[in-house]
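Okay, work_31.cif now, which holds mmCIF, N, CA and C atoms:
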data_input
loop_
_atom_site.label_atom_id
_atom_site.label_comp_id
_atom_site.auth_asym_id
_atom_site.auth_seq_id
_atom_site.Cartn_x
_atom_site.Cartn_y
_atom_site.Cartn_z
N MET A 6 72.33 134.74 85.51
CA MET A 6 71.73 134.46 86.80
C MET A 6 70.21 134.29 86.69
N ARG A 7 69.59 134.94 85.75
CA ARG A 7 68.13 134.86 85.63
C ARG A 7 67.68 133.47 85.23
N SER A 8 68.57 132.71 84.58
CA SER A 8 68.20 131.37 84.14
C SER A 8 68.44 130.32 85.23
N VAL A 9 69.00 130.74 86.34
CA VAL A 9 69.28 129.82 87.44
C VAL A 9 68.10 129.84 88.41
N SER A 10 67.63 128.67 88.77
CA SER A 10 66.47 128.60 89.67
C SER A 10 66.86 128.97 91.10
N LYS A 11 65.86 129.31 91.89
CA LYS A 11 66.10 129.63 93.30
C LYS A 11 66.67 128.43 94.04
N ASP A 12 66.23 127.23 93.67
CA ASP A 12 66.76 126.02 94.31
C ASP A 12 68.24 125.83 94.00
N GLU A 13 68.63 126.10 92.76
CA GLU A 13 70.04 125.97 92.37
C GLU A 13 70.90 127.00 93.10
N ILE A 14 70.38 128.20 93.23
CA ILE A 14 71.11 129.24 93.96
C ILE A 14 71.25 128.84 95.43
N ALA A 15 70.18 128.36 96.03
CA ALA A 15 70.22 127.93 97.43
C ALA A 15 71.22 126.79 97.62
N ALA A 16 71.25 125.86 96.68
CA ALA A 16 72.20 124.75 96.76
C ALA A 16 73.64 125.25 96.65
N HIS A 17 73.86 126.21 95.78
CA HIS A 17 75.20 126.78 95.61
C HIS A 17 75.64 127.50 96.90
N VAL A 18 74.74 128.29 97.47
CA VAL A 18 75.03 129.00 98.71
C VAL A 18 75.36 128.00 99.81
N PHE A 19 74.60 126.92 99.90
CA PHE A 19 74.84 125.90 100.92
C PHE A 19 76.20 125.22 100.70
N ARG A 20 76.52 124.88 99.45
CA ARG A 20 77.82 124.25 99.15
C ARG A 20 78.97 125.16 99.56
N ASP A 21 78.84 126.45 99.25
CA ASP A 21 79.88 127.40 99.65
C ASP A 21 80.04 127.41 101.16
N TYR A 22 78.91 127.45 101.87
CA TYR A 22 78.97 127.45 103.33
C TYR A 22 79.67 126.20 103.84
N MET A 23 79.34 125.05 103.29
CA MET A 23 79.95 123.80 103.74
C MET A 23 81.45 123.78 103.45
N GLN A 24 81.89 124.44 102.39
CA GLN A 24 83.31 124.47 102.07
C GLN A 24 84.05 125.52 102.88
N PHE A 25 83.46 126.71 103.03
CA PHE A 25 84.15 127.80 103.72
C PHE A 25 84.08 127.69 105.24
N SER A 26 83.00 127.15 105.77
CA SER A 26 82.78 127.10 107.21
C SER A 26 83.95 126.47 107.98
N PRO A 27 84.43 125.28 107.59
CA PRO A 27 85.55 124.70 108.33
C PRO A 27 86.82 125.56 108.27
N VAL A 28 87.02 126.23 107.15
CA VAL A 28 88.19 127.10 107.01
C VAL A 28 88.06 128.28 107.96
N PHE A 29 86.89 128.93 107.96
CA PHE A 29 86.69 130.06 108.87
C PHE A 29 86.79 129.62 110.32
N GLU A 30 86.23 128.47 110.65
CA GLU A 30 86.29 127.98 112.03
C GLU A 30 87.73 127.73 112.46
N GLN A 31 88.53 127.16 111.58
CA GLN A 31 89.95 126.91 111.90
C GLN A 31 90.70 128.24 112.08
N LEU A 32 90.45 129.18 111.21
CA LEU A 32 91.10 130.49 111.33
C LEU A 32 90.64 131.22 112.59
N GLN A 33 89.38 131.06 112.96
CA GLN A 33 88.87 131.66 114.19
C GLN A 33 89.53 131.01 115.41
N ALA A 34 89.68 129.70 115.39
CA ALA A 34 90.28 128.99 116.51
C ALA A 34 91.73 129.42 116.72
N SER A 35 92.41 129.78 115.63
CA SER A 35 93.80 130.22 115.75
C SER A 35 93.91 131.72 115.98
N GLY A 36 92.76 132.41 116.08
CA GLY A 36 92.75 133.83 116.36
C GLY A 36 93.08 134.72 115.17
N LYS A 37 92.98 134.19 113.97
CA LYS A 37 93.36 134.95 112.78
C LYS A 37 92.17 135.64 112.10
N VAL A 38 90.97 135.22 112.45
CA VAL A 38 89.76 135.78 111.84
C VAL A 38 88.78 136.12 112.95
N ILE A 39 88.00 137.17 112.72
CA ILE A 39 87.05 137.62 113.73
C ILE A 39 86.08 136.51 114.12
N SER A 40 85.59 136.61 115.35
CA SER A 40 84.63 135.63 115.86
C SER A 40 83.23 136.06 115.43
N GLU A 41 82.87 135.61 114.25
CA GLU A 41 81.55 135.92 113.67
C GLU A 41 81.04 134.62 113.07
N ASP A 42 79.75 134.51 112.94
CA ASP A 42 79.14 133.33 112.37
C ASP A 42 79.77 133.03 111.00
N PRO A 43 80.35 131.83 110.81
CA PRO A 43 80.95 131.48 109.52
C PRO A 43 79.98 131.61 108.34
N GLU A 44 78.69 131.45 108.60
CA GLU A 44 77.72 131.61 107.52
C GLU A 44 77.67 133.07 107.07
N VAL A 45 77.81 133.99 108.01
CA VAL A 45 77.82 135.42 107.67
C VAL A 45 79.10 135.75 106.90
N LEU A 46 80.23 135.24 107.33
CA LEU A 46 81.49 135.48 106.63
C LEU A 46 81.44 134.92 105.21
N THR A 47 80.85 133.75 105.07
CA THR A 47 80.69 133.15 103.74
C THR A 47 79.79 134.02 102.87
N ALA A 48 78.72 134.54 103.45
CA ALA A 48 77.82 135.41 102.69
C ALA A 48 78.55 136.66 102.20
N ILE A 49 79.44 137.20 103.02
CA ILE A 49 80.21 138.38 102.60
C ILE A 49 81.07 138.04 101.40
N VAL A 50 81.73 136.88 101.43
CA VAL A 50 82.55 136.44 100.29
C VAL A 50 81.67 136.27 99.05
N GLN A 51 80.53 135.64 99.21
CA GLN A 51 79.62 135.44 98.09
C GLN A 51 79.14 136.78 97.52
N LEU A 52 78.78 137.70 98.38
CA LEU A 52 78.32 139.01 97.93
C LEU A 52 79.41 139.74 97.15
N TYR A 53 80.63 139.63 97.63
CA TYR A 53 81.75 140.26 96.93
C TYR A 53 81.83 139.76 95.49
N PHE A 54 81.76 138.46 95.31
CA PHE A 54 81.89 137.90 93.97
C PHE A 54 80.67 138.16 93.09
N THR A 55 79.49 138.27 93.68
CA THR A 55 78.31 138.55 92.86
C THR A 55 78.30 140.00 92.37
N MET A 56 79.06 140.85 92.99
CA MET A 56 79.14 142.24 92.54
C MET A 56 79.73 142.33 91.13
N ASN A 57 80.51 141.35 90.74
CA ASN A 57 81.11 141.36 89.42
C ASN A 57 80.04 141.35 88.31
N GLU A 58 78.86 140.86 88.63
CA GLU A 58 77.76 140.84 87.67
C GLU A 58 77.33 142.26 87.27
N HIS A 59 77.72 143.24 88.07
CA HIS A 59 77.33 144.63 87.83
C HIS A 59 78.46 145.46 87.21
N ARG A 60 79.53 144.80 86.84
CA ARG A 60 80.71 145.47 86.29
C ARG A 60 80.33 146.40 85.13
N SER A 61 79.46 145.96 84.25
CA SER A 61 79.12 146.73 83.04
C SER A 61 78.42 148.06 83.35
N LYS A 62 77.94 148.22 84.57
CA LYS A 62 77.22 149.45 84.93
C LYS A 62 78.16 150.57 85.36
N PHE A 63 79.47 150.27 85.43
CA PHE A 63 80.45 151.24 85.91
C PHE A 63 81.58 151.40 84.91
N LYS A 64 82.27 152.51 85.02
CA LYS A 64 83.49 152.68 84.23
C LYS A 64 84.48 151.62 84.71
N PRO A 65 85.17 150.93 83.79
CA PRO A 65 86.08 149.84 84.18
C PRO A 65 87.11 150.23 85.25
N GLN A 66 87.73 151.38 85.09
CA GLN A 66 88.76 151.78 86.07
C GLN A 66 88.14 152.05 87.45
N ILE A 67 86.97 152.65 87.45
CA ILE A 67 86.29 152.94 88.73
C ILE A 67 85.89 151.63 89.40
N PHE A 68 85.31 150.72 88.63
CA PHE A 68 84.88 149.44 89.19
C PHE A 68 86.08 148.69 89.76
N ASP A 69 87.16 148.60 88.99
CA ASP A 69 88.34 147.87 89.45
C ASP A 69 88.93 148.48 90.72
N HIS A 70 88.98 149.81 90.76
CA HIS A 70 89.51 150.48 91.95
C HIS A 70 88.60 150.23 93.15
N ALA A 71 87.29 150.36 92.93
CA ALA A 71 86.33 150.13 94.01
C ALA A 71 86.42 148.69 94.54
N MET A 72 86.54 147.74 93.64
CA MET A 72 86.64 146.33 94.06
C MET A 72 87.94 146.07 94.82
N ALA A 73 89.01 146.71 94.39
CA ALA A 73 90.29 146.55 95.11
C ALA A 73 90.18 147.11 96.52
N LEU A 74 89.57 148.28 96.65
CA LEU A 74 89.38 148.86 97.98
C LEU A 74 88.47 147.99 98.83
N LEU A 75 87.38 147.53 98.24
CA LEU A 75 86.43 146.70 98.97
C LEU A 75 87.08 145.40 99.44
N SER A 76 87.87 144.78 98.58
CA SER A 76 88.52 143.53 98.99
C SER A 76 89.51 143.79 100.13
N ASP A 77 90.20 144.92 100.08
CA ASP A 77 91.12 145.27 101.16
C ASP A 77 90.36 145.50 102.46
N TRP A 78 89.24 146.20 102.37
CA TRP A 78 88.44 146.46 103.57
C TRP A 78 87.86 145.18 104.16
N ILE A 79 87.42 144.29 103.30
CA ILE A 79 86.89 143.01 103.78
C ILE A 79 87.99 142.22 104.47
N ALA A 80 89.15 142.14 103.84
CA ALA A 80 90.27 141.40 104.43
C ALA A 80 90.65 141.97 105.79
N LYS A 81 90.74 143.29 105.87
CA LYS A 81 91.08 143.93 107.15
C LYS A 81 89.99 143.70 108.18
N GLY A 82 88.73 143.75 107.75
CA GLY A 82 87.61 143.52 108.67
C GLY A 82 87.58 142.09 109.20
N PHE A 83 87.87 141.14 108.32
CA PHE A 83 87.89 139.73 108.74
C PHE A 83 89.02 139.46 109.72
N THR A 84 90.12 140.16 109.58
CA THR A 84 91.30 139.85 110.38
C THR A 84 91.52 140.82 111.53
N GLN A 85 90.61 141.73 111.73
CA GLN A 85 90.73 142.70 112.81
C GLN A 85 90.19 142.09 114.10
N VAL A 86 90.93 141.17 114.64
CA VAL A 86 90.52 140.44 115.83
C VAL A 86 90.64 141.34 117.04
N GLN A 87 89.58 141.40 117.83
CA GLN A 87 89.57 142.22 119.03
C GLN A 87 90.52 141.63 120.07
N GLU A 88 91.20 142.52 120.78
CA GLU A 88 92.09 142.05 121.83
C GLU A 88 91.26 141.57 123.02
N VAL A 89 91.67 140.44 123.58
CA VAL A 89 91.05 139.94 124.78
C VAL A 89 91.57 140.80 125.93
N GLN A 90 90.71 141.15 126.86
CA GLN A 90 91.09 142.04 127.94
C GLN A 90 92.36 141.54 128.62
N GLY A 91 93.40 142.37 128.60
CA GLY A 91 94.67 142.03 129.23
C GLY A 91 95.60 141.23 128.34
N LYS A 92 95.15 140.81 127.15
CA LYS A 92 95.97 140.04 126.24
C LYS A 92 95.92 140.65 124.84
N PRO A 93 97.06 140.80 124.19
CA PRO A 93 97.07 141.34 122.83
C PRO A 93 96.53 140.34 121.82
#
With the file now loaded, output its structure as structure tokens.
Amino acid sequence: MRSVSKDEIAAHVFRDYMQFSPVFEQLQASGKVISEDPEVLTAIVQLYFTMNEHRSKFKPQIFDHAMALLSDWIAKGFTQVQEVQGKP
């Protein structure tokens, strides 16, 4: 990552947003994903994957367990759609 320029990182972040945004918007329209800014949801996905860069700082079993829990929590958080008043 240190050899990647800030411009390249910004371009990568933007490409991810352009790819994920329509998917999140479609899932939001169907009520399957929380109503949050798709850019924020994309950032959460990006942050999850960048955590792998820190794998070597943890015991492998602990890191794998933590990542499994975190991915489960993220998935539940993304799909925990609030009930509309009077409607499930």
Atom C of A:Lys64 to atom C of A:Ala48, straight-line distance in Å: 23.8 Å
Skip A:Ile39 itself and residues of its chain fewer than 6 positions away, then list as a tab-separated table (two decimals) with N, CA and C atoms, in the coordinates of the input all residues within 8 Å of it, counting only N, CA and C atoms.
chain	number	residue	atom	x	y	z
A	29	PHE	N	86.89	128.93	107.96
A	29	PHE	CA	86.69	130.06	108.87
A	29	PHE	C	86.79	129.62	110.32
A	32	LEU	N	90.45	129.18	111.21
A	32	LEU	CA	91.10	130.49	111.33
A	32	LEU	C	90.64	131.22	112.59
A	33	GLN	N	89.38	131.06	112.96
A	33	GLN	CA	88.87	131.66	114.19
A	33	GLN	C	89.53	131.01	115.41
A	82	GLY	N	88.73	143.75	107.75
A	82	GLY	CA	87.61	143.52	108.67
A	82	GLY	C	87.58	142.09	109.20
A	83	PHE	N	87.87	141.14	108.32
A	83	PHE	CA	87.89	139.73	108.74
A	83	PHE	C	89.02	139.46	109.72
A	84	THR	N	90.12	140.16	109.58
A	84	THR	CA	91.30	139.85	110.38
A	84	THR	C	91.52	140.82	111.53
A	85	GLN	N	90.61	141.73	111.73
A	85	GLN	CA	90.73	142.70	112.81
A	85	GLN	C	90.19	142.09	114.10
A	86	VAL	N	90.93	141.17	114.64
A	86	VAL	CA	90.52	140.44	115.83
A	86	VAL	C	90.64	141.34	117.04
A	87	GLN	N	89.58	141.40	117.83
A	87	GLN	CA	89.57	142.22	119.03
A	87	GLN	C	90.52	141.63	120.07
Point-to-point distance from atom C of A:Glu41 to atom CA of A:Ile14, Å rounded to tenths: 22.2 Å
Atom-to-atom span, atom N of A:Ala71 and atom N of A:Ile49, Å: 18.3 Å
Option closest in space to A:Phe19, from A:Lys81, A:Pro43, A:Ser76, A:Ser61 [counting only C-alpha atoms]: A:Pro43
From a DSSP calculation on the backbone, collect every residue of chain A in helix (DSSP H, G or I) and output the set as a JSON list (two decimals) with N, CA and C atoms, in the frame of the given file.
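Wrote it out as result_25.json, contents follow:
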[["chain", "number", "residue", "atom", "x", "y", "z"],
["A", 11, "LYS", "N", 65.86, 129.31, 91.89],
["A", 11, "LYS", "CA", 66.10, 129.63, 93.30],
["A", 11, "LYS", "C", 66.67, 128.43, 94.04],
["A", 12, "ASP", "N", 66.23, 127.23, 93.67],
["A", 12, "ASP", "CA", 66.76, 126.02, 94.31],
["A", 12, "ASP", "C", 68.24, 125.83, 94.00],
["A", 13, "GLU", "N", 68.63, 126.10, 92.76],
["A", 13, "GLU", "CA", 70.04, 125.97, 92.37],
["A", 13, "GLU", "C", 70.90, 127.00, 93.10],
["A", 14, "ILE", "N", 70.38, 128.20, 93.23],
["A", 14, "ILE", "CA", 71.11, 129.24, 93.96],
["A", 14, "ILE", "C", 71.25, 128.84, 95.43],
["A", 15, "ALA", "N", 70.18, 128.36, 96.03],
["A", 15, "ALA", "CA", 70.22, 127.93, 97.43],
["A", 15, "ALA", "C", 71.22, 126.79, 97.62],
["A", 16, "ALA", "N", 71.25, 125.86, 96.68],
["A", 16, "ALA", "CA", 72.20, 124.75, 96.76],
["A", 16, "ALA", "C", 73.64, 125.25, 96.65],
["A", 17, "HIS", "N", 73.86, 126.21, 95.78],
["A", 17, "HIS", "CA", 75.20, 126.78, 95.61],
["A", 17, "HIS", "C", 75.64, 127.50, 96.90],
["A", 18, "VAL", "N", 74.74, 128.29, 97.47],
["A", 18, "VAL", "CA", 75.03, 129.00, 98.71],
["A", 18, "VAL", "C", 75.36, 128.00, 99.81],
["A", 19, "PHE", "N", 74.60, 126.92, 99.90],
["A", 19, "PHE", "CA", 74.84, 125.90, 100.92],
["A", 19, "PHE", "C", 76.20, 125.22, 100.70],
["A", 20, "ARG", "N", 76.52, 124.88, 99.45],
["A", 20, "ARG", "CA", 77.82, 124.25, 99.15],
["A", 20, "ARG", "C", 78.97, 125.16, 99.56],
["A", 21, "ASP", "N", 78.84, 126.45, 99.25],
["A", 21, "ASP", "CA", 79.88, 127.40, 99.65],
["A", 21, "ASP", "C", 80.04, 127.41, 101.16],
["A", 22, "TYR", "N", 78.91, 127.45, 101.87],
["A", 22, "TYR", "CA", 78.97, 127.45, 103.33],
["A", 22, "TYR", "C", 79.67, 126.20, 103.84],
["A", 23, "MET", "N", 79.34, 125.05, 103.29],
["A", 23, "MET", "CA", 79.95, 123.80, 103.74],
["A", 23, "MET", "C", 81.45, 123.78, 103.45],
["A", 24, "GLN", "N", 81.89, 124.44, 102.39],
["A", 24, "GLN", "CA", 83.31, 124.47, 102.07],
["A", 24, "GLN", "C", 84.05, 125.52, 102.88],
["A", 25, "PHE", "N", 83.46, 126.71, 103.03],
["A", 25, "PHE", "CA", 84.15, 127.80, 103.72],
["A", 25, "PHE", "C", 84.08, 127.69, 105.24],
["A", 26, "SER", "N", 83.00, 127.15, 105.77],
["A", 26, "SER", "CA", 82.78, 127.10, 107.21],
["A", 26, "SER", "C", 83.95, 126.47, 107.98],
["A", 27, "PRO", "N", 84.43, 125.28, 107.59],
["A", 27, "PRO", "CA", 85.55, 124.70, 108.33],
["A", 27, "PRO", "C", 86.82, 125.56, 108.27],
["A", 28, "VAL", "N", 87.02, 126.23, 107.15],
["A", 28, "VAL", "CA", 88.19, 127.10, 107.01],
["A", 28, "VAL", "C", 88.06, 128.28, 107.96],
["A", 29, "PHE", "N", 86.89, 128.93, 107.96],
["A", 29, "PHE", "CA", 86.69, 130.06, 108.87],
["A", 29, "PHE", "C", 86.79, 129.62, 110.32],
["A", 30, "GLU", "N", 86.23, 128.47, 110.65],
["A", 30, "GLU", "CA", 86.29, 127.98, 112.03],
["A", 30, "GLU", "C", 87.73, 127.73, 112.46],
["A", 31, "GLN", "N", 88.53, 127.16, 111.58],
["A", 31, "GLN", "CA", 89.95, 126.91, 111.90],
["A", 31, "GLN", "C", 90.70, 128.24, 112.08],
["A", 32, "LEU", "N", 90.45, 129.18, 111.21],
["A", 32, "LEU", "CA", 91.10, 130.49, 111.33],
["A", 32, "LEU", "C", 90.64, 131.22, 112.59],
["A", 33, "GLN", "N", 89.38, 131.06, 112.96],
["A", 33, "GLN", "CA", 88.87, 131.66, 114.19],
["A", 33, "GLN", "C", 89.53, 131.01, 115.41],
["A", 34, "ALA", "N", 89.68, 129.70, 115.39],
["A", 34, "ALA", "CA", 90.28, 128.99, 116.51],
["A", 34, "ALA", "C", 91.73, 129.42, 116.72],
["A", 43, "PRO", "N", 80.35, 131.83, 110.81],
["A", 43, "PRO", "CA", 80.95, 131.48, 109.52],
["A", 43, "PRO", "C", 79.98, 131.61, 108.34],
["A", 44, "GLU", "N", 78.69, 131.45, 108.60],
["A", 44, "GLU", "CA", 77.72, 131.61, 107.52],
["A", 44, "GLU", "C", 77.67, 133.07, 107.07],
["A", 45, "VAL", "N", 77.81, 133.99, 108.01],
["A", 45, "VAL", "CA", 77.82, 135.42, 107.67],
["A", 45, "VAL", "C", 79.10, 135.75, 106.90],
["A", 46, "LEU", "N", 80.23, 135.24, 107.33],
["A", 46, "LEU", "CA", 81.49, 135.48, 106.63],
["A", 46, "LEU", "C", 81.44, 134.92, 105.21],
["A", 47, "THR", "N", 80.85, 133.75, 105.07],
["A", 47, "THR", "CA", 80.69, 133.15, 103.74],
["A", 47, "THR", "C", 79.79, 134.02, 102.87],
["A", 48, "ALA", "N", 78.72, 134.54, 103.45],
["A", 48, "ALA", "CA", 77.82, 135.41, 102.69],
["A", 48, "ALA", "C", 78.55, 136.66, 102.20],
["A", 49, "ILE", "N", 79.44, 137.20, 103.02],
["A", 49, "ILE", "CA", 80.21, 138.38, 102.60],
["A", 49, "ILE", "C", 81.07, 138.04, 101.40],
["A", 50, "VAL", "N", 81.73, 136.88, 101.43],
["A", 50, "VAL", "CA", 82.55, 136.44, 100.29],
["A", 50, "VAL", "C", 81.67, 136.27, 99.05],
["A", 51, "GLN", "N", 80.53, 135.64, 99.21],
["A", 51, "GLN", "CA", 79.62, 135.44, 98.09],
["A", 51, "GLN", "C", 79.14, 136.78, 97.52],
["A", 52, "LEU", "N", 78.78, 137.70, 98.38],
["A", 52, "LEU", "CA", 78.32, 139.01, 97.93],
["A", 52, "LEU", "C", 79.41, 139.74, 97.15],
["A", 53, "TYR", "N", 80.63, 139.63, 97.63],
["A", 53, "TYR", "CA", 81.75, 140.26, 96.93],
["A", 53, "TYR", "C", 81.83, 139.76, 95.49],
["A", 54, "PHE", "N", 81.76, 138.46, 95.31],
["A", 54, "PHE", "CA", 81.89, 137.90, 93.97],
["A", 54, "PHE", "C", 80.67, 138.16, 93.09],
["A", 55, "THR", "N", 79.49, 138.27, 93.68],
["A", 55, "THR", "CA", 78.31, 138.55, 92.86],
["A", 55, "THR", "C", 78.30, 140.00, 92.37],
["A", 56, "MET", "N", 79.06, 140.85, 92.99],
["A", 56, "MET", "CA", 79.14, 142.24, 92.54],
["A", 56, "MET", "C", 79.73, 142.33, 91.13],
["A", 57, "ASN", "N", 80.51, 141.35, 90.74],
["A", 57, "ASN", "CA", 81.11, 141.36, 89.42],
["A", 57, "ASN", "C", 80.04, 141.35, 88.31],
["A", 58, "GLU", "N", 78.86, 140.86, 88.63],
["A", 58, "GLU", "CA", 77.76, 140.84, 87.67],
["A", 58, "GLU", "C", 77.33, 142.26, 87.27],
["A", 59, "HIS", "N", 77.72, 143.24, 88.07],
["A", 59, "HIS", "CA", 77.33, 144.63, 87.83],
["A", 59, "HIS", "C", 78.46, 145.46, 87.21],
["A", 60, "ARG", "N", 79.53, 144.80, 86.84],
["A", 60, "ARG", "CA", 80.71, 145.47, 86.29],
["A", 60, "ARG", "C", 80.33, 146.40, 85.13],
["A", 61, "SER", "N", 79.46, 145.96, 84.25],
["A", 61, "SER", "CA", 79.12, 146.73, 83.04],
["A", 61, "SER", "C", 78.42, 148.06, 83.35],
["A", 62, "LYS", "N", 77.94, 148.22, 84.57],
["A", 62, "LYS", "CA", 77.22, 149.45, 84.93],
["A", 62, "LYS", "C", 78.16, 150.57, 85.36],
["A", 65, "PRO", "N", 85.17, 150.93, 83.79],
["A", 65, "PRO", "CA", 86.08, 149.84, 84.18],
["A", 65, "PRO", "C", 87.11, 150.23, 85.25],
["A", 66, "GLN", "N", 87.73, 151.38, 85.09],
["A", 66, "GLN", "CA", 88.76, 151.78, 86.07],
["A", 66, "GLN", "C", 88.14, 152.05, 87.45],
["A", 67, "ILE", "N", 86.97, 152.65, 87.45],
["A", 67, "ILE", "CA", 86.29, 152.94, 88.73],
["A", 67, "ILE", "C", 85.89, 151.63, 89.40],
["A", 68, "PHE", "N", 85.31, 150.72, 88.63],
["A", 68, "PHE", "CA", 84.88, 149.44, 89.19],
["A", 68, "PHE", "C", 86.08, 148.69, 89.76],
["A", 69, "ASP", "N", 87.16, 148.60, 88.99],
["A", 69, "ASP", "CA", 88.34, 147.87, 89.45],
["A", 69, "ASP", "C", 88.93, 148.48, 90.72],
["A", 70, "HIS", "N", 88.98, 149.81, 90.76],
["A", 70, "HIS", "CA", 89.51, 150.48, 91.95],
["A", 70, "HIS", "C", 88.60, 150.23, 93.15],
["A", 71, "ALA", "N", 87.29, 150.36, 92.93],
["A", 71, "ALA", "CA", 86.33, 150.13, 94.01],
["A", 71, "ALA", "C", 86.42, 148.69, 94.54],
["A", 72, "MET", "N", 86.54, 147.74, 93.64],
["A", 72, "MET", "CA", 86.64, 146.33, 94.06],
["A", 72, "MET", "C", 87.94, 146.07, 94.82],
["A", 73, "ALA", "N", 89.01, 146.71, 94.39],
["A", 73, "ALA", "CA", 90.29, 146.55, 95.11],
["A", 73, "ALA", "C", 90.18, 147.11, 96.52],
["A", 74, "LEU", "N", 89.57, 148.28, 96.65],
["A", 74, "LEU", "CA", 89.38, 148.86, 97.98],
["A", 74, "LEU", "C", 88.47, 147.99, 98.83],
["A", 75, "LEU", "N", 87.38, 147.53, 98.24],
["A", 75, "LEU", "CA", 86.43, 146.70, 98.97],
["A", 75, "LEU", "C", 87.08, 145.40, 99.44],
["A", 76, "SER", "N", 87.87, 144.78, 98.58],
["A", 76, "SER", "CA", 88.52, 143.53, 98.99],
["A", 76, "SER", "C", 89.51, 143.79, 100.13],
["A", 77, "ASP", "N", 90.20, 144.92, 100.08],
["A", 77, "ASP", "CA", 91.12, 145.27, 101.16],
["A", 77, "ASP", "C", 90.36, 145.50, 102.46],
["A", 78, "TRP", "N", 89.24, 146.20, 102.37],
["A", 78, "TRP", "CA", 88.44, 146.46, 103.57],
["A", 78, "TRP", "C", 87.86, 145.18, 104.16],
["A", 79, "ILE", "N", 87.42, 144.29, 103.30],
["A", 79, "ILE", "CA", 86.89, 143.01, 103.78],
["A", 79, "ILE", "C", 87.99, 142.22, 104.47],
["A", 80, "ALA", "N", 89.15, 142.14, 103.84],
["A", 80, "ALA", "CA", 90.27, 141.40, 104.43],
["A", 80, "ALA", "C", 90.65, 141.97, 105.79],
["A", 81, "LYS", "N", 90.74, 143.29, 105.87],
["A", 81, "LYS", "CA", 91.08, 143.93, 107.15],
["A", 81, "LYS", "C", 89.99, 143.70, 108.18],
["A", 82, "GLY", "N", 88.73, 143.75, 107.75],
["A", 82, "GLY", "CA", 87.61, 143.52, 108.67],
["A", 82, "GLY", "C", 87.58, 142.09, 109.20],
["A", 83, "PHE", "N", 87.87, 141.14, 108.32],
["A", 83, "PHE", "CA", 87.89, 139.73, 108.74],
["A", 83, "PHE", "C", 89.02, 139.46, 109.72],
["A", 84, "THR", "N", 90.12, 140.16, 109.58],
["A", 84, "THR", "CA", 91.30, 139.85, 110.38],
["A", 84, "THR", "C", 91.52, 140.82, 111.53]]
Ground truth for the PyMOL selection byres (((chain A and resi 52-59 and name CA) around 12) and name CA), written as a ChimeraX atom specification: /A:6-7,14,18,21,45-51,60-65,68-69,71-80
Tell me which protein, DNA and RNA residues are within 7 Å of A:Ser26, counting only C-alpha atoms, leaving out same-chain ones fewer than 4 positions away, and put them as a tab-separated table (two decimals) with N, CA and C atoms, in the frame of the given file.
chain	number	residue	atom	x	y	z
A	22	TYR	N	78.91	127.45	101.87
A	22	TYR	CA	78.97	127.45	103.33
A	22	TYR	C	79.67	126.20	103.84
A	30	GLU	N	86.23	128.47	110.65
A	30	GLU	CA	86.29	127.98	112.03
A	30	GLU	C	87.73	127.73	112.46
A	43	PRO	N	80.35	131.83	110.81
A	43	PRO	CA	80.95	131.48	109.52
A	43	PRO	C	79.98	131.61	108.34
A	44	GLU	N	78.69	131.45	108.60
A	44	GLU	CA	77.72	131.61	107.52
A	44	GLU	C	77.67	133.07	107.07
Missing atoms in stretch 59-67 of chain A: fill them in up to N, CA, C and O atoms and send the result as a short mmCIF file (atom, residue, chain, number, x, y, z; two decimals), keeping the file's coordinate frame.
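Output saved as selection13.cif:
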data_model
loop_
_atom_site.label_atom_id
_atom_site.label_comp_id
_atom_site.auth_asym_id
_atom_site.auth_seq_id
_atom_site.Cartn_x
_atom_site.Cartn_y
_atom_site.Cartn_z
N HIS A 59 77.72 143.24 88.07
CA HIS A 59 77.33 144.63 87.83
C HIS A 59 78.46 145.46 87.21
O HIS A 59 78.33 146.67 87.08
N ARG A 60 79.53 144.80 86.84
CA ARG A 60 80.71 145.47 86.29
C ARG A 60 80.33 146.40 85.13
O ARG A 60 80.83 147.52 85.04
N SER A 61 79.46 145.96 84.25
CA SER A 61 79.12 146.73 83.04
C SER A 61 78.42 148.06 83.35
O SER A 61 78.33 148.93 82.49
N LYS A 62 77.94 148.22 84.57
CA LYS A 62 77.22 149.45 84.93
C LYS A 62 78.16 150.57 85.36
O LYS A 62 77.72 151.68 85.62
N PHE A 63 79.47 150.27 85.43
CA PHE A 63 80.45 151.24 85.91
C PHE A 63 81.58 151.40 84.91
O PHE A 63 81.84 150.52 84.10
N LYS A 64 82.27 152.51 85.02
CA LYS A 64 83.49 152.68 84.23
C LYS A 64 84.48 151.62 84.71
O LYS A 64 84.63 151.41 85.93
N PRO A 65 85.17 150.93 83.79
CA PRO A 65 86.08 149.84 84.18
C PRO A 65 87.11 150.23 85.25
O PRO A 65 87.30 149.49 86.21
N GLN A 66 87.73 151.38 85.09
CA GLN A 66 88.76 151.78 86.07
C GLN A 66 88.14 152.05 87.45
O GLN A 66 88.72 151.70 88.47
N ILE A 67 86.97 152.65 87.45
CA ILE A 67 86.29 152.94 88.73
C ILE A 67 85.89 151.63 89.40
O ILE A 67 86.09 151.44 90.60
#
